[in-house]
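Written below as structure tokens is the structure these notes are about.
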Amino acid sequence: MLAESLKKKYGTVGALATIATVMGSFGMGLIVIRDVARHPEKAAHYLTATLFMQTGLVTGAFIVMNTAAWLLGYSGAIRVFTALTGMALIVDIYGNMCSDQLLAQERMVTTSVVEALHIVVRIGLVALALWRGFDLLGLYVVGLAASAFRSVLFWERLARTGVRPAFPLDRPLAMLLFTNSVPLAVSAILTLIYQQVDKLMSTAYLTEATTGYLTAAFVVITGVIELLNGTILIATYPVMSRYYEENRGLFNLIVEKLVYYTLLVMLPVSLTLSVFATQLTLPLFGAAFAPTATVLRVLIWYALVAMMVNVFAQGMMVQNRQRRLLMLRVGGLCINLTLNLTLLIGFNAGVMGLVYASVVAESVVLAALLWDFRRNDSNTAAWLGRVVQPALATAVTMLTMIALGRVHFTVGIVGGILAYIVMILLLGVLRDDDWDLLYRLVAAMPGGTFVRRFWKRDIPVNAS
């Protein structure tokens, strides 16, 4: 009975919460991390500014999402769950303010430990609630309690660093923060549209079943991007922000190498999910979602391109060029919509038309970003000449996966990845400066201290 309630109600409330989250955060976190990393003496004033503005924004989002639930005629139960979710969003915002400040100080381990404790507490409270026979309302209440625990812990950790709100409010700083955040907030909304437009058009022009296959593939894609891209970008954002003012050449080098590392890491991952899509999706989604494999086989290359785009996008935010980034995002959305309509209606390409449209549109955005960074004195042309060796390693890896996959797909995956690593080392794809920067990045990420026990280089790092 509880599972049925979750299916019917949680999805609806989750959609409203996603929109409210964008409204409440308003993209301010990225601006705070960037600016505080450059000017730590202003941390308290930025904390005060976010305390005032994000409280107002998230309160407005709470009113909007609950009004929408009422106007759309949702049941009383859904309206109650929407209200509880909105309260959790308000509580989460206060935790996010402190998390952003700690990230700006490059205290990656601290933020990771707090988030891990939050997950453990949330899981424990949910398990206790289920054991005590609580219904869906009880689960929402314990979720709210877990959010409160996270926020209190973040405020305590930040206070220990000496950062506390400074009054009165610095109005010029607050106005600048708001102005710089507007393009990011609009971009976040466009990203939501960008992520959902394929599913909406699939339902409108094809069938609900094809939308299900597309949605399942996107679950895998989203997981890959968050796991392999999100953590690294968060860890490097404060460093990039500082170096942009101190050493533009080093900043450009970090951006270029991050794109290059992303390419190197994602090539074998993309090959694995492309070659063995059927074997990997059937255990995850079942035989009813078998067509998902065909979608995933192509859509995984969208993930590779999107992750490279994300690195350049972060670089543009560091440069305070989020308005330019917004224009590129709008352009990408227009291209995607145009290709979707053309392939669906003009060529009757089916769901794969939507998939190819996403890959092409994101590739155009990547090309535009490459050109933009090169135009702004970045040396992207230098590493573009280095893609030949990874391409050769990828070709050998693909042949190895196909050959060994005839024995068993796990043999193909393991053998292919080993072949890729050997080829990367034999071809000398990574130079000394690549290893040096990679070492710094690993040290900055959660778990970096543990890795450094076994991998040591004579390189100064900041692993606070």
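Each chain in the structure tokens gets a letter, A, B, ..., in the order shown, and its residues are numbered from 1; ligands are numbered from 1 in order too.
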Margin query: Residues within 8 Å of Ser358 (chain A), please, as a VMD selection string. Count only C-alpha atoms; anything in the same chain fewer than 6 positions from it doesn't count.
Written below: chain A and resid 299 302 336
Note to self: Give me the residues near Gly124 (chain A) as a ChimeraX atom specification, where near means some atom within 12 Å (using only C-alpha atoms) and where sequence neighbours in that chain fewer than 4 positions away do not count.
What the structure shows: /A:117-120,128-131,139,142-143,145-146
N, CA, C and O atoms of the current selection, written as a PDB file, in the first residue's frame:
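Full text of again_22.pdb as output:
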ATOM      1  N   LEU A 117      26.993  11.860   6.786  1.00  0.00           N
ATOM      2  CA  LEU A 117      26.240  11.711   8.029  1.00  0.00           C
ATOM      3  C   LEU A 117      24.747  11.967   7.810  1.00  0.00           C
ATOM      4  O   LEU A 117      23.887  11.265   8.364  1.00  0.00           O
ATOM      5  N   HIS A 118      24.458  12.965   6.970  1.00  0.00           N
ATOM      6  CA  HIS A 118      23.058  13.271   6.654  1.00  0.00           C
ATOM      7  C   HIS A 118      22.378  12.074   5.998  1.00  0.00           C
ATOM      8  O   HIS A 118      21.248  11.719   6.351  1.00  0.00           O
ATOM      9  N   ILE A 119      23.072  11.437   5.070  1.00  0.00           N
ATOM     10  CA  ILE A 119      22.495  10.271   4.383  1.00  0.00           C
ATOM     11  C   ILE A 119      22.269   9.128   5.366  1.00  0.00           C
ATOM     12  O   ILE A 119      21.221   8.468   5.353  1.00  0.00           O
ATOM     13  N   VAL A 120      23.257   8.892   6.241  1.00  0.00           N
ATOM     14  CA  VAL A 120      23.131   7.819   7.228  1.00  0.00           C
ATOM     15  C   VAL A 120      21.946   8.084   8.157  1.00  0.00           C
ATOM     16  O   VAL A 120      21.140   7.182   8.437  1.00  0.00           O
ATOM     17  N   LEU A 128      13.623   3.321  10.721  1.00  0.00           N
ATOM     18  CA  LEU A 128      12.899   3.319  11.998  1.00  0.00           C
ATOM     19  C   LEU A 128      11.414   3.595  11.785  1.00  0.00           C
ATOM     20  O   LEU A 128      10.552   2.939  12.403  1.00  0.00           O
ATOM     21  N   ALA A 129      11.119   4.549  10.892  1.00  0.00           N
ATOM     22  CA  ALA A 129       9.717   4.889  10.620  1.00  0.00           C
ATOM     23  C   ALA A 129       8.974   3.706  10.007  1.00  0.00           C
ATOM     24  O   ALA A 129       7.822   3.415  10.375  1.00  0.00           O
ATOM     25  N   LEU A 130       9.630   3.013   9.077  1.00  0.00           N
ATOM     26  CA  LEU A 130       8.996   1.853   8.454  1.00  0.00           C
ATOM     27  C   LEU A 130       8.800   0.732   9.477  1.00  0.00           C
ATOM     28  O   LEU A 130       7.768   0.047   9.483  1.00  0.00           O
ATOM     29  N   TRP A 131       9.795   0.556  10.346  1.00  0.00           N
ATOM     30  CA  TRP A 131       9.699  -0.499  11.364  1.00  0.00           C
ATOM     31  C   TRP A 131       8.558  -0.224  12.340  1.00  0.00           C
ATOM     32  O   TRP A 131       7.872  -1.140  12.791  1.00  0.00           O
ATOM     33  N   LEU A 139       7.081   9.321   6.721  1.00  0.00           N
ATOM     34  CA  LEU A 139       8.352   9.352   5.989  1.00  0.00           C
ATOM     35  C   LEU A 139       8.731  10.782   5.618  1.00  0.00           C
ATOM     36  O   LEU A 139       9.905  11.156   5.670  1.00  0.00           O
ATOM     37  N   VAL A 142      10.067  12.491   8.867  1.00  0.00           N
ATOM     38  CA  VAL A 142      11.443  12.118   9.244  1.00  0.00           C
ATOM     39  C   VAL A 142      12.442  12.679   8.231  1.00  0.00           C
ATOM     40  O   VAL A 142      13.586  12.996   8.579  1.00  0.00           O
ATOM     41  N   GLY A 143      12.006  12.833   6.968  1.00  0.00           N
ATOM     42  CA  GLY A 143      12.870  13.479   5.979  1.00  0.00           C
ATOM     43  C   GLY A 143      13.140  14.929   6.341  1.00  0.00           C
ATOM     44  O   GLY A 143      14.261  15.422   6.183  1.00  0.00           O
ATOM     45  N   ALA A 145      13.125  16.095   9.379  1.00  0.00           N
ATOM     46  CA  ALA A 145      14.023  16.058  10.539  1.00  0.00           C
ATOM     47  C   ALA A 145      15.473  15.851  10.102  1.00  0.00           C
ATOM     48  O   ALA A 145      16.397  16.474  10.643  1.00  0.00           O
ATOM     49  N   ALA A 146      15.679  14.993   9.101  1.00  0.00           N
ATOM     50  CA  ALA A 146      17.029  14.751   8.593  1.00  0.00           C
ATOM     51  C   ALA A 146      17.600  16.011   7.950  1.00  0.00           C
ATOM     52  O   ALA A 146      18.796  16.309   8.090  1.00  0.00           O
TER      53      ALA A 146
END
Margin query: Nearest residue to Met87 (chain A) out of A:Trp70, A:Phe167, A:Phe52, A:Tyr140, using only C-alpha atoms?
Written below: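 Of all the options, A:Tyr140 lies closest to Met87 (chain A).
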Margin query: Report, in Å with one decimal, the straight-line distance from CA of Leu326 (chain A) to CA of Ser187 (chain A).
Written below: 5.6 Å
Check: Using the chain letters and numbers from this document, which residues of region 62-238 of chain A does DSSP assign to alpha helix (DSSP H), as a VMD selection string?
Finding: chain A and resid 62 to 71 76 to 104 108 to 131 136 to 160 171 to 205 208 to 225 231 to 238
Next item on the list: For Asp92 (chain A), please output as an MDAnalysis selection string all residues within 8 Å (counting only C-alpha atoms; exclusion window: fewer than 4 positions along the same chain).
Entry: chainID A and resid 88 96 147:148 150:151
Quick one: everything within 10 Å of Leu366 (chain A), counting only C-alpha atoms, minus sequence neighbours fewer than 2 positions away in the same chain. Send it as a short mmCIF file (atom, residue, chain, number, x, y, z; two decimals) with N, CA, C and O atoms, in the first residue's frame.
data_model
loop_
_atom_site.label_atom_id
_atom_site.label_comp_id
_atom_site.auth_asym_id
_atom_site.auth_seq_id
_atom_site.Cartn_x
_atom_site.Cartn_y
_atom_site.Cartn_z
N VAL A 305 29.78 14.24 -24.24
CA VAL A 305 29.82 15.63 -24.72
C VAL A 305 29.33 16.58 -23.63
O VAL A 305 29.93 17.64 -23.40
N ALA A 306 28.25 16.21 -22.94
CA ALA A 306 27.68 17.07 -21.91
C ALA A 306 28.67 17.31 -20.77
O ALA A 306 28.74 18.42 -20.21
N MET A 307 29.45 16.30 -20.42
CA MET A 307 30.41 16.45 -19.34
C MET A 307 31.54 17.40 -19.74
O MET A 307 32.03 18.18 -18.92
N MET A 308 31.95 17.37 -21.00
CA MET A 308 32.95 18.32 -21.48
C MET A 308 32.36 19.73 -21.51
O MET A 308 33.04 20.71 -21.16
N VAL A 309 31.11 19.84 -21.90
CA VAL A 309 30.42 21.14 -21.88
C VAL A 309 30.36 21.69 -20.46
O VAL A 309 30.58 22.89 -20.23
N ASN A 310 30.11 20.82 -19.48
CA ASN A 310 30.01 21.26 -18.09
C ASN A 310 31.30 21.89 -17.60
O ASN A 310 31.29 22.84 -16.81
N PHE A 312 33.61 23.51 -19.47
CA PHE A 312 33.70 24.84 -20.07
C PHE A 312 32.68 25.79 -19.44
O PHE A 312 32.97 26.98 -19.24
N ALA A 313 31.48 25.27 -19.13
CA ALA A 313 30.45 26.11 -18.51
C ALA A 313 30.92 26.61 -17.14
O ALA A 313 30.72 27.77 -16.79
N LEU A 328 24.35 30.66 -25.02
CA LEU A 328 24.71 29.38 -25.64
C LEU A 328 23.70 28.29 -25.28
O LEU A 328 23.36 27.44 -26.10
N GLY A 332 21.43 26.14 -27.80
CA GLY A 332 21.39 24.68 -27.80
C GLY A 332 19.99 24.14 -27.70
O GLY A 332 19.62 23.17 -28.37
N VAL A 360 23.58 15.78 -31.24
CA VAL A 360 24.01 16.83 -32.18
C VAL A 360 23.93 18.21 -31.54
O VAL A 360 24.86 19.01 -31.64
N ALA A 361 22.82 18.50 -30.86
CA ALA A 361 22.65 19.83 -30.24
C ALA A 361 23.73 20.09 -29.19
O ALA A 361 24.32 21.18 -29.15
N GLU A 362 24.02 19.10 -28.36
CA GLU A 362 25.05 19.28 -27.34
C GLU A 362 26.43 19.40 -27.96
O GLU A 362 27.30 20.12 -27.46
N SER A 363 26.66 18.70 -29.07
CA SER A 363 27.94 18.80 -29.78
C SER A 363 28.14 20.20 -30.36
O SER A 363 29.26 20.72 -30.36
N VAL A 364 27.06 20.80 -30.83
CA VAL A 364 27.15 22.17 -31.35
C VAL A 364 27.50 23.14 -30.22
O VAL A 364 28.33 24.05 -30.39
N ALA A 368 30.83 25.50 -29.92
CA ALA A 368 30.75 26.94 -29.67
C ALA A 368 31.61 27.33 -28.46
O ALA A 368 32.28 28.37 -28.46
N LEU A 369 31.60 26.49 -27.43
CA LEU A 369 32.41 26.78 -26.25
C LEU A 369 33.90 26.68 -26.56
O LEU A 369 34.70 27.48 -26.07
N LEU A 370 34.28 25.69 -27.36
CA LEU A 370 35.68 25.56 -27.76
C LEU A 370 36.13 26.81 -28.51
O LEU A 370 37.21 27.37 -28.24
N TRP A 371 35.32 27.26 -29.42
CA TRP A 371 35.65 28.47 -30.19
C TRP A 371 35.71 29.68 -29.27
O TRP A 371 36.59 30.53 -29.39
N ASP A 372 34.77 29.75 -28.32
CA ASP A 372 34.70 30.90 -27.42
C ASP A 372 35.94 30.98 -26.53
O ASP A 372 36.51 32.05 -26.35
#
Next item on the list: Compare A:Tyr213, A:Val114, A:Pro268, A:Gly27 by their minimum atom-to-atom distance to Thr281 (chain A), counting only C-alpha atoms, and give me the closest one.
Entry: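 Closest residue, counting only C-alpha atoms: A:Tyr213.
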Next item on the list: In Å, rounded to a single decimal, give me how far CA of Thr110 (chain A) is from CA of Leu158 (chain A).
Entry: 9.6 Å
Taking only C-alpha atoms into account, produce a table as CSV in which each residue of region 298-417 of chain A with an atom at most 10 Å from an atom of region 423-432 of chain A appears once, together with its shortest atom pair and the distance in Å to one decimal, ordered by chain and rising number.
residue,atom,partner,partner_atom,distance
A:Arg386,CA,A:Val429,CA,7.8
A:Val387,CA,A:Val429,CA,8.9
A:Val388,CA,A:Val429,CA,9.5
A:Gln389,CA,A:Val429,CA,6.5
A:Pro390,CA,A:Ile424,CA,7.0
A:Leu392,CA,A:Met423,CA,8.3
A:Ala393,CA,A:Met423,CA,5.4
A:Thr394,CA,A:Met423,CA,8.7
A:Val396,CA,A:Met423,CA,8.0
A:Thr397,CA,A:Met423,CA,8.5
A:Ile417,CA,A:Met423,CA,9.8
Output all heavy atoms for every residue in the selection just made, as an mmCIF file, in the first residue's frame.
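Output contents, as saved in part.cif:
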data_model
loop_
_atom_site.group_PDB
_atom_site.id
_atom_site.type_symbol
_atom_site.label_atom_id
_atom_site.label_comp_id
_atom_site.auth_asym_id
_atom_site.auth_seq_id
_atom_site.Cartn_x
_atom_site.Cartn_y
_atom_site.Cartn_z
ATOM 1 N N ARG A 386 45.956 16.571 -29.346
ATOM 2 C CA ARG A 386 46.321 15.384 -28.573
ATOM 3 C C ARG A 386 45.223 14.328 -28.551
ATOM 4 O O ARG A 386 45.337 13.336 -27.822
ATOM 5 C CB ARG A 386 46.669 15.797 -27.139
ATOM 6 C CG ARG A 386 47.864 16.734 -27.021
ATOM 7 C CD ARG A 386 48.118 17.128 -25.575
ATOM 8 N NE ARG A 386 48.371 15.959 -24.738
ATOM 9 C CZ ARG A 386 48.391 15.989 -23.406
ATOM 10 N NH1 ARG A 386 48.168 17.127 -22.778
ATOM 11 N NH2 ARG A 386 48.637 14.894 -22.714
ATOM 12 N N VAL A 387 44.163 14.517 -29.311
ATOM 13 C CA VAL A 387 43.068 13.542 -29.288
ATOM 14 C C VAL A 387 43.337 12.337 -30.171
ATOM 15 O O VAL A 387 42.608 11.344 -30.108
ATOM 16 C CB VAL A 387 41.738 14.204 -29.714
ATOM 17 C CG1 VAL A 387 41.380 15.345 -28.789
ATOM 18 C CG2 VAL A 387 41.808 14.693 -31.161
ATOM 19 N N VAL A 388 44.381 12.403 -30.987
ATOM 20 C CA VAL A 388 44.686 11.289 -31.895
ATOM 21 C C VAL A 388 45.050 10.038 -31.102
ATOM 22 O O VAL A 388 44.570 8.939 -31.391
ATOM 23 C CB VAL A 388 45.829 11.673 -32.852
ATOM 24 C CG1 VAL A 388 46.204 10.466 -33.722
ATOM 25 C CG2 VAL A 388 45.428 12.849 -33.723
ATOM 26 N N GLN A 389 45.902 10.187 -30.092
ATOM 27 C CA GLN A 389 46.323 9.019 -29.303
ATOM 28 C C GLN A 389 45.160 8.389 -28.532
ATOM 29 O O GLN A 389 44.985 7.163 -28.575
ATOM 30 C CB GLN A 389 47.445 9.437 -28.343
ATOM 31 C CG GLN A 389 48.751 9.773 -29.053
ATOM 32 C CD GLN A 389 49.775 10.375 -28.104
ATOM 33 O OE1 GLN A 389 49.443 11.231 -27.277
ATOM 34 N NE2 GLN A 389 51.024 9.939 -28.220
ATOM 35 N N PRO A 390 44.329 9.178 -27.830
ATOM 36 C CA PRO A 390 43.159 8.567 -27.185
ATOM 37 C C PRO A 390 42.224 7.897 -28.184
ATOM 38 O O PRO A 390 41.608 6.867 -27.869
ATOM 39 C CB PRO A 390 42.472 9.756 -26.499
ATOM 40 C CG PRO A 390 43.557 10.737 -26.268
ATOM 41 C CD PRO A 390 44.477 10.598 -27.447
ATOM 42 N N LEU A 392 43.106 6.385 -30.934
ATOM 43 C CA LEU A 392 43.718 5.087 -31.269
ATOM 44 C C LEU A 392 43.492 4.090 -30.138
ATOM 45 O O LEU A 392 43.147 2.917 -30.381
ATOM 46 C CB LEU A 392 45.213 5.278 -31.522
ATOM 47 C CG LEU A 392 46.014 4.009 -31.835
ATOM 48 C CD1 LEU A 392 45.466 3.323 -33.070
ATOM 49 C CD2 LEU A 392 47.500 4.342 -32.006
ATOM 50 N N ALA A 393 43.676 4.548 -28.884
ATOM 51 C CA ALA A 393 43.442 3.677 -27.730
ATOM 52 C C ALA A 393 41.985 3.218 -27.680
ATOM 53 O O ALA A 393 41.689 2.065 -27.346
ATOM 54 C CB ALA A 393 43.809 4.412 -26.443
ATOM 55 N N THR A 394 41.068 4.103 -28.039
ATOM 56 C CA THR A 394 39.645 3.768 -28.046
ATOM 57 C C THR A 394 39.325 2.718 -29.101
ATOM 58 O O THR A 394 38.534 1.799 -28.862
ATOM 59 C CB THR A 394 38.807 5.036 -28.303
ATOM 60 O OG1 THR A 394 39.088 6.013 -27.296
ATOM 61 C CG2 THR A 394 37.324 4.717 -28.280
ATOM 62 N N VAL A 396 41.353 0.392 -30.299
ATOM 63 C CA VAL A 396 41.854 -0.898 -29.812
ATOM 64 C C VAL A 396 40.941 -1.447 -28.729
ATOM 65 O O VAL A 396 40.647 -2.646 -28.680
ATOM 66 C CB VAL A 396 43.300 -0.739 -29.275
ATOM 67 C CG1 VAL A 396 43.771 -2.026 -28.609
ATOM 68 C CG2 VAL A 396 44.244 -0.342 -30.399
ATOM 69 N N THR A 397 40.469 -0.578 -27.853
ATOM 70 C CA THR A 397 39.570 -0.986 -26.772
ATOM 71 C C THR A 397 38.268 -1.547 -27.316
ATOM 72 O O THR A 397 37.767 -2.571 -26.833
ATOM 73 C CB THR A 397 39.265 0.215 -25.853
ATOM 74 O OG1 THR A 397 40.481 0.733 -25.332
ATOM 75 C CG2 THR A 397 38.356 -0.195 -24.708
ATOM 76 N N ILE A 417 38.755 -2.526 -20.711
ATOM 77 C CA ILE A 417 39.277 -1.445 -19.862
ATOM 78 C C ILE A 417 40.777 -1.619 -19.625
ATOM 79 O O ILE A 417 41.545 -0.643 -19.660
ATOM 80 C CB ILE A 417 38.508 -1.393 -18.530
ATOM 81 C CG1 ILE A 417 37.062 -0.939 -18.795
ATOM 82 C CG2 ILE A 417 39.183 -0.462 -17.541
ATOM 83 C CD1 ILE A 417 36.178 -0.954 -17.580
#
Item checked: From A:Thr18, A:Asn66, A:Ser181, A:Ser25, residue lying nearest Asn320 (chain A) [only C-alpha atoms] ->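 Closest candidate: A:Ser181.
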